[in-house]
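Enquirer: One structure is given below, represented as structure tokens, and several questions about it will come after.
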Amino acid sequence: MKMTGNLEIRLMDKKEGETSFSSLYSVKKENRGKKVGHAGTLDKFASGLMIVLIGNGTKLNPVFSSFSKSYRALVRFGEETDTLDPEGTVIKKTDCPSEREIREILPSFLGHQMQRPPLYSALHVGGRRAYEIARSGKEVVMDEREITIHDIRFISYDGRDLDIEFSVSKGTYIRSIARDLGLRLSSSARLEKLRRLSIGPYTLSDLDLDTMEILEKSSLFSSVELDAHYRKVIENGYIPQAAIISDSDEKKEYKILSFSTLPYAIGKIENGRLRRIALL
């Protein structure tokens with residue numbers, strides 16, 4: 001469908017060695033004067049799927065940041081670093097667990113639980129980023145957060161490196177899972193590699209999807225046809241009930257608003273009212 005270009009969403013495969021911020025350089029250069037952001041940070045050493053939001057697309061960050069994610073990780077046993085990844089300083093060395101011990105303990109990591117985020121993370125603690133406080137040498141107290149590990153798939157183990165996949169809820173740190181695996185096995189562990197395979201319904205095979213295809217694949221949006229006579233009213237924010245000609249699924253919270261089948265904006269149901277949140 002033809003769109004105005006005010007809002008764009010892309011799927012990107014971030015490379016290892018780039019920060020999430022620097023990986024957007026070419027997109028920002030191409031879209032000078034527009035806001036550019038992403039829904040979900042990947043560590044510098046990690047690679048994989050990112051959702052890039054351009055222009056009014058940045059207003060949809062809460063939508064795309066809420067999805068569960070899946071990762072393939074290489075967990076290295078026998079040592080722990082302060083950052084829990086290959087870029088940190090080794091702070092602990094131990095023997096490695098056996099494959100039998102790993103297989104036996106993995107099921108206990110499934111489900112709802114509390115997780116302590118890594119000290120070196122972008123989370124705010126007392127108004128500052130946790131990693132900034134950690135680098136200054138001051139003590140950082142990280143509060144536990146509720147997360148869910150939906151699925152774990154054991155791939156292989158060579159006596160030191162565990163190749164494994166995780167499907168997790170928003171806000172879950174795979175580095176923390178690696179650390180906790182080491183602790184629970186009376187060993188130590190950190191991440192050696194990490195690749196994000198999916199975000200919600202999107203996978204690395206979806207990189208060629210355009211904005212409308214991305215919106216539609218989310219299954220969060222229904223199509224709403226609007227009466228053109230109310231266009232000026234709609235531009236002010238809220239959409240009166242009389243302006244809605246049809247709604248393909250009234251139960252869905254987010255709406256793709258159209259005039260004569262041409263997409264115009266994104267809306268959201270709030271307190272029983274439909275509000276325009278971003279122009280397409």
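Residue numbering restarts at 1 in every chain; chains get A, B, ... in the order shown in the structure tokens, and ligands count up from 1 in that same order.
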Pick out the residues sitting within 9 Å of Lys59 in chain A, and hand them over as number ranges by chain; count only C-alpha atoms, and ignore anything fewer than 5 positions along from it in its own chain.
Expert: A: 53, 277-278
Enquirer: Find the residues around range 206-210 of chain A up to 9 Å (only C-alpha atoms counted), leave out those fewer than 2 positions away in its own chain, and share them as a VMD selection string.
Expert: chain A and resid 8 to 13 49 202 to 204 212 to 215
Enquirer: Store the residues picked out above, limited to C-alpha atoms, as a tab-separated table (two decimals), in the first residue's frame.
Expert:
chain	number	residue	atom	x	y	z
A	8	GLU	CA	8.94	3.74	8.33
A	9	ILE	CA	9.90	0.47	9.99
A	10	ARG	CA	12.76	-1.78	8.92
A	11	LEU	CA	14.22	-5.07	10.06
A	12	MET	CA	18.02	-5.18	10.28
A	13	ASP	CA	20.67	-7.84	10.92
A	49	LEU	CA	17.69	-9.00	14.42
A	202	TYR	CA	9.73	-11.49	13.02
A	203	THR	CA	12.78	-13.57	12.10
A	204	LEU	CA	15.97	-12.99	10.14
A	212	MET	CA	3.01	-2.17	6.00
A	213	GLU	CA	3.97	-5.85	5.85
A	214	ILE	CA	5.77	-5.49	9.19
A	215	LEU	CA	2.72	-3.85	10.78
Enquirer: One number please: CA of Met114 in chain A to CA of Ile199 in chain A, in Å, one decimal.
Expert: 21.5 Å
Enquirer: Which is closest to Ser223 in chain A among A:Gly5, A:Pro263, A:Gly88, A:Gly48, if we use only C-alpha atoms?
Expert: A:Pro263
Enquirer: DSSP on the backbone, then: every residue of range 30-160 of chain A marked strand (DSSP E or B), written as a ChimeraX atom specification.
Expert: /A:36-38,47-55,69-77,79-81,90-93,111-115,124-125,128-129,145-157
Enquirer: Can you spit out the residues from that selection as a compact mmCIF listing (two decimals), in the first residue's frame, using C-alpha atoms?
Expert:
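The result, stored in selection-v3.txt:
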# COMPACT_ATOMS: atom_id res chain seq x y z
CA VAL A 36 15.79 7.18 13.99
CA GLY A 37 15.68 4.64 16.78
CA HIS A 38 15.40 0.94 17.50
CA SER A 47 24.57 -9.87 16.30
CA GLY A 48 21.13 -10.44 14.91
CA LEU A 49 17.69 -9.00 14.42
CA MET A 50 16.85 -5.39 15.28
CA ILE A 51 13.69 -3.40 14.57
CA VAL A 52 14.57 0.06 13.24
CA LEU A 53 12.03 2.87 13.65
CA ILE A 54 12.20 5.96 11.42
CA GLY A 55 10.29 9.25 11.62
CA LYS A 69 12.70 -12.65 21.72
CA SER A 70 14.74 -15.72 20.85
CA TYR A 71 18.52 -16.08 20.82
CA ARG A 72 21.24 -18.57 19.98
CA ALA A 73 24.03 -18.31 22.52
CA LEU A 74 27.46 -19.79 23.12
CA VAL A 75 27.91 -20.02 26.89
CA ARG A 76 31.52 -20.51 27.98
CA PHE A 77 31.95 -22.33 31.28
CA GLU A 79 35.35 -18.40 33.72
CA GLU A 80 33.27 -15.31 34.48
CA THR A 81 34.01 -11.75 33.44
CA VAL A 90 38.05 -12.29 33.99
CA ILE A 91 37.09 -12.20 37.67
CA LYS A 92 36.56 -15.90 38.37
CA LYS A 93 37.88 -19.24 37.10
CA GLY A 111 9.05 -20.27 33.45
CA HIS A 112 8.43 -17.09 35.47
CA GLN A 113 11.27 -16.04 37.75
CA MET A 114 13.25 -13.13 39.14
CA GLN A 115 16.50 -12.16 37.43
CA HIS A 124 19.22 3.38 35.14
CA VAL A 125 20.23 3.21 38.80
CA ARG A 128 22.68 7.05 36.00
CA ARG A 129 23.39 4.15 33.67
CA ARG A 145 13.20 -8.07 37.75
CA GLU A 146 10.50 -10.54 36.80
CA ILE A 147 11.18 -12.34 33.52
CA THR A 148 9.99 -15.47 31.74
CA ILE A 149 12.06 -18.08 29.93
CA HIS A 150 9.59 -19.65 27.53
CA ASP A 151 11.79 -22.32 25.95
CA ILE A 152 15.34 -23.71 26.04
CA ARG A 153 16.88 -25.85 23.30
CA PHE A 154 20.16 -27.66 24.04
CA ILE A 155 22.24 -27.93 20.84
CA SER A 156 25.70 -29.17 21.84
CA TYR A 157 28.41 -29.06 24.52
Enquirer: What lies within 10 Å of Asp158 in chain A using only C-alpha atoms, ignoring chain neighbours under 3 positions off, as a PyMOL selection string?
Expert: chain A and resi 98-99+161-163
Enquirer: Pick out the residues sitting within 10 Å of Ser186 in chain A, and hand them over as a tab-separated table (two decimals) with C-alpha atoms, in the first residue's frame; count only C-alpha atoms, and ignore anything fewer than 3 positions along from it in its own chain.
Expert:
chain	number	residue	atom	x	y	z
A	94	THR	CA	36.50	-22.70	37.92
A	95	ASP	CA	36.18	-26.21	36.59
A	96	CYS	CA	33.55	-26.82	33.91
A	97	PRO	CA	30.41	-28.89	34.56
A	180	ASP	CA	23.25	-18.01	36.81
A	181	LEU	CA	23.89	-21.29	34.99
A	182	GLY	CA	27.47	-21.17	36.21
A	183	LEU	CA	26.42	-20.40	39.78
Enquirer: Just want the 12 Å neighbourhood of Arg231 in chain A, counted on only C-alpha atoms, with same-chain residues fewer than 5 positions away dropped. Output as a ChimeraX atom specification.
Expert: /A:225-226,236-240,242-244,257-260,264-265,276
Enquirer: Could you give me, as a PyMOL selection string, the residues within 6 Å of range 14-22 of chain A, counting only C-alpha atoms and dropping anything in the same chain fewer than 5 positions from it?
Expert: chain A and resi 41-42+44-48
Enquirer: If DSSP is run on the backbone, what residues of range 3-159 of chain A are alpha helix (DSSP H)? A reply as a list of chain:residue names would be ideal.
Expert: A:Tyr25, A:Ser26, A:Val27, A:Lys28, A:Lys29, A:Glu30, A:Asn61, A:Pro62, A:Val63, A:Phe64, A:Glu99, A:Arg100, A:Glu101, A:Ile102, A:Arg103, A:Glu104, A:Ile105, A:Ala130, A:Tyr131, A:Glu132, A:Ile133, A:Ala134, A:Arg135
Enquirer: Please, what distance in Å, to one decimal, runs between CA of Glu253 in chain A and CA of Ile269 in chain A?
Expert: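 Between CA of Glu253 in chain A and CA of Ile269 in chain A the gap is 5.3 Å.
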Enquirer: Report, in Å to a single decimal, how far apart CA of Leu274 in chain A and CA of Tyr230 in chain A are.
Expert: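 Pair CA of Tyr230 in chain A / CA of Leu274 in chain A returns 13.4 Å.
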Enquirer: Just checking: using only C-alpha atoms, which residue out of A:Ala189, A:Leu220, A:Val233, A:Ala228 ends up closest to Lys251 in chain A?
Expert: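 Of the candidates, the smallest distance to Lys251 in chain A is held by A:Leu220.
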Enquirer: Measuring atom to atom with only C-alpha atoms, identify which of A:Pro201, A:Val224, A:Leu262, A:Val140 is nearest to Ser246 in chain A.
Expert: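 Closest to Ser246 in chain A of all the choices is A:Val224.
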